[in-house]
Amino acid sequence: MARPKVPLLSRERIREAALTLIDRDGLAELSMRKLAAELGVQAASLYTHYPTKDAVLDDIASGLMARVDVSAFDQGWRVGLVSWAHSYRDALVRHPNFVAYLSAGPGTRDENLRAADAVHGGLVSAGWPPRDATMIGAATRYLVMGATMGSFSRGFVDDVQVYRDRYPHLEQAHLLRAKADEIDAESFELALSAFVDGLQLRYDAIEKERARRRRSRSTGSESD
């Protein structure tokens, strides 16, 4: 029996091709027609596997979020938060054109909601008030999204004359592009470290206030 000229379609192959197209051309350029052309098939063939483009995008999002590790909160909130942020960035950093789709929120995707549940539960179990835990989860997400949506360093060109005469404080800016990966990664580490250190101060203040209230209640009971 002769083998088909075009490899059989699968949901996995469609997702991979869609993500390749998005990485190369941008999210706005994805259509079922262009995706079919990328795969060498007719658009009608895709609808057997996915009813809409949004269904493809949602499945890609679920696959990326499934790579995010939220298991370290049993080692303390700091370790859990840092581990989650690193894993989250690692899952997204190679696909900056797709981050805009994820930025809309967790929606009803199980992987997103499982991660949100684990993060919130880990923070609350560690002693964070629920409202603070919600804000910490959101703030970490903002940090990761901002660090993966595009490269700061690649926004510069490697021509020294562009900056030398008009922007004296950017005289080394032409060197940034060549070190983009290093600078972007270290900038993320700096922001994450400063963020977590700031949270530690807030956490210590919360714990101090709790201890004060416990002492106050204990003293009141003894007085009675």
# chains A, B, ... in the order shown; residues from 1 in each chain; ligands from 1
call {"tool": "residues_around", "arguments": {"residues": "Ala28 in chain A", "least_positions_apart": "6", "cutoff": "12 Å", "atoms": "only C-alpha atoms", "output": "ChimeraX atom specification"}}
result
/A:18,21-22,34,53,57,97-98,100-101
call {"tool": "residues_around", "arguments": {"residues": "Leu175 in chain A", "least_positions_apart": "4", "cutoff": "9 Å", "atoms": "only C-alpha atoms", "output": "compact mmCIF listing (two decimals) with N, CA, C and O atoms, in the first residue's frame"}}
result
# COMPACT_ATOMS: atom_id res chain seq x y z
N SER A 153 16.89 44.17 25.06
CA SER A 153 18.22 44.33 24.46
C SER A 153 18.18 44.25 22.95
O SER A 153 18.95 44.94 22.26
N PHE A 156 17.73 47.38 20.43
CA PHE A 156 18.81 48.29 20.03
C PHE A 156 19.49 47.75 18.76
O PHE A 156 19.50 46.54 18.52
N VAL A 157 20.08 48.66 18.00
CA VAL A 157 20.84 48.24 16.82
C VAL A 157 22.33 48.28 17.16
O VAL A 157 22.74 48.91 18.14
N ASP A 158 23.11 47.59 16.36
CA ASP A 158 24.54 47.48 16.67
C ASP A 158 25.39 48.53 15.97
O ASP A 158 26.60 48.35 15.78
N ASP A 159 24.79 49.64 15.61
CA ASP A 159 25.51 50.75 14.98
C ASP A 159 25.77 51.84 16.03
O ASP A 159 24.85 52.52 16.48
N VAL A 160 26.99 52.02 16.41
CA VAL A 160 27.35 52.96 17.46
C VAL A 160 26.96 54.40 17.11
O VAL A 160 26.63 55.21 17.98
N LYS A 179 24.47 40.77 23.38
CA LYS A 179 24.40 40.10 24.68
C LYS A 179 22.96 40.00 25.17
O LYS A 179 22.70 39.95 26.37
call {"tool": "closest_residue", "arguments": {"among": "A:Leu8, A:Gly146, A:Tyr47, A:Leu30", "to": "Ser187 in chain A", "atoms": "only C-alpha atoms"}}
result
A:Gly146
call {"tool": "residues_around", "arguments": {"residues": "range 188-192 of chain A", "least_positions_apart": "6", "cutoff": "10 Å", "atoms": "only C-alpha atoms", "output": "MDAnalysis selection string"}}
result
chainID A and resid 81:82 85:86 89 140 143:144 146:148 198
call {"tool": "closest_residue", "arguments": {"among": "A:Thr134, A:Ser151, A:Thr219, A:Gln75", "to": "Ala180 in chain A", "atoms": "only C-alpha atoms"}}
result
A:Ser151
call {"tool": "select_by_dssp", "arguments": {"residues": "range 55-205 of chain A", "states": "alpha helix (DSSP H)", "output": "MDAnalysis selection string"}}
result
chainID A and resid 55:65 77:92 99:102 110:125 130:148 161:164 180:205
call {"tool": "decode", "arguments": {"residues": "range 69-91 of chain A", "atoms": "N, CA, C and O atoms", "output": "compact mmCIF listing (two decimals), in the first residue's frame"}}
result
# COMPACT_ATOMS: atom_id res chain seq x y z
N ASP A 69 5.96 24.53 36.48
CA ASP A 69 6.07 23.76 37.73
C ASP A 69 5.67 24.62 38.93
O ASP A 69 6.25 25.68 39.16
N VAL A 70 4.67 24.18 39.65
CA VAL A 70 4.22 24.90 40.85
C VAL A 70 4.34 24.02 42.10
O VAL A 70 3.64 24.24 43.08
N SER A 71 5.25 23.06 42.05
CA SER A 71 5.31 22.05 43.11
C SER A 71 6.21 22.41 44.28
O SER A 71 6.29 21.64 45.25
N ALA A 72 6.89 23.55 44.23
CA ALA A 72 7.92 23.83 45.25
C ALA A 72 7.41 24.61 46.45
O ALA A 72 8.21 24.97 47.33
N PHE A 73 6.13 24.89 46.53
CA PHE A 73 5.63 25.68 47.66
C PHE A 73 5.71 24.94 48.99
O PHE A 73 5.63 25.56 50.05
N ASP A 74 5.88 23.62 48.94
CA ASP A 74 6.05 22.88 50.20
C ASP A 74 7.42 23.15 50.81
O ASP A 74 7.69 22.74 51.95
N GLN A 75 8.30 23.86 50.09
CA GLN A 75 9.61 24.23 50.62
C GLN A 75 9.64 25.67 51.15
O GLN A 75 10.69 26.20 51.49
N GLY A 76 8.46 26.29 51.23
CA GLY A 76 8.36 27.66 51.71
C GLY A 76 7.89 28.57 50.59
O GLY A 76 8.07 28.27 49.41
N TRP A 77 7.28 29.69 50.97
CA TRP A 77 6.68 30.54 49.96
C TRP A 77 7.72 31.18 49.04
O TRP A 77 7.48 31.35 47.84
N ARG A 78 8.89 31.54 49.59
CA ARG A 78 9.93 32.16 48.75
C ARG A 78 10.43 31.18 47.69
O ARG A 78 10.51 31.52 46.50
N VAL A 79 10.77 29.98 48.11
CA VAL A 79 11.26 28.97 47.17
C VAL A 79 10.17 28.66 46.14
O VAL A 79 10.44 28.56 44.94
N GLY A 80 8.95 28.51 46.62
CA GLY A 80 7.85 28.19 45.72
C GLY A 80 7.63 29.27 44.69
O GLY A 80 7.43 28.99 43.49
N LEU A 81 7.66 30.53 45.13
CA LEU A 81 7.40 31.65 44.23
C LEU A 81 8.51 31.80 43.19
O LEU A 81 8.24 31.98 41.99
N VAL A 82 9.75 31.70 43.64
CA VAL A 82 10.89 31.84 42.73
C VAL A 82 10.91 30.68 41.73
O VAL A 82 11.14 30.88 40.52
N SER A 83 10.67 29.48 42.22
CA SER A 83 10.65 28.31 41.34
C SER A 83 9.54 28.42 40.29
O SER A 83 9.76 28.14 39.10
N TRP A 84 8.37 28.86 40.73
CA TRP A 84 7.25 29.04 39.81
C TRP A 84 7.59 30.10 38.75
O TRP A 84 7.35 29.88 37.56
N ALA A 85 8.14 31.23 39.17
CA ALA A 85 8.47 32.31 38.25
C ALA A 85 9.50 31.85 37.21
O ALA A 85 9.37 32.15 36.01
N HIS A 86 10.52 31.11 37.65
CA HIS A 86 11.53 30.62 36.71
C HIS A 86 10.91 29.64 35.71
O HIS A 86 11.17 29.73 34.50
N SER A 87 10.11 28.72 36.21
CA SER A 87 9.49 27.73 35.34
C SER A 87 8.53 28.38 34.35
O SER A 87 8.46 28.02 33.18
N TYR A 88 7.80 29.37 34.85
CA TYR A 88 6.85 30.11 34.03
C TYR A 88 7.58 30.83 32.89
O TYR A 88 7.18 30.75 31.72
N ARG A 89 8.66 31.53 33.24
CA ARG A 89 9.43 32.23 32.21
C ARG A 89 10.03 31.25 31.21
O ARG A 89 9.99 31.50 29.99
N ASP A 90 10.56 30.14 31.70
CA ASP A 90 11.17 29.16 30.80
C ASP A 90 10.16 28.63 29.78
O ASP A 90 10.51 28.35 28.63
N ALA A 91 8.90 28.49 30.21
CA ALA A 91 7.87 27.96 29.32
C ALA A 91 7.49 28.95 28.22
O ALA A 91 7.07 28.55 27.14
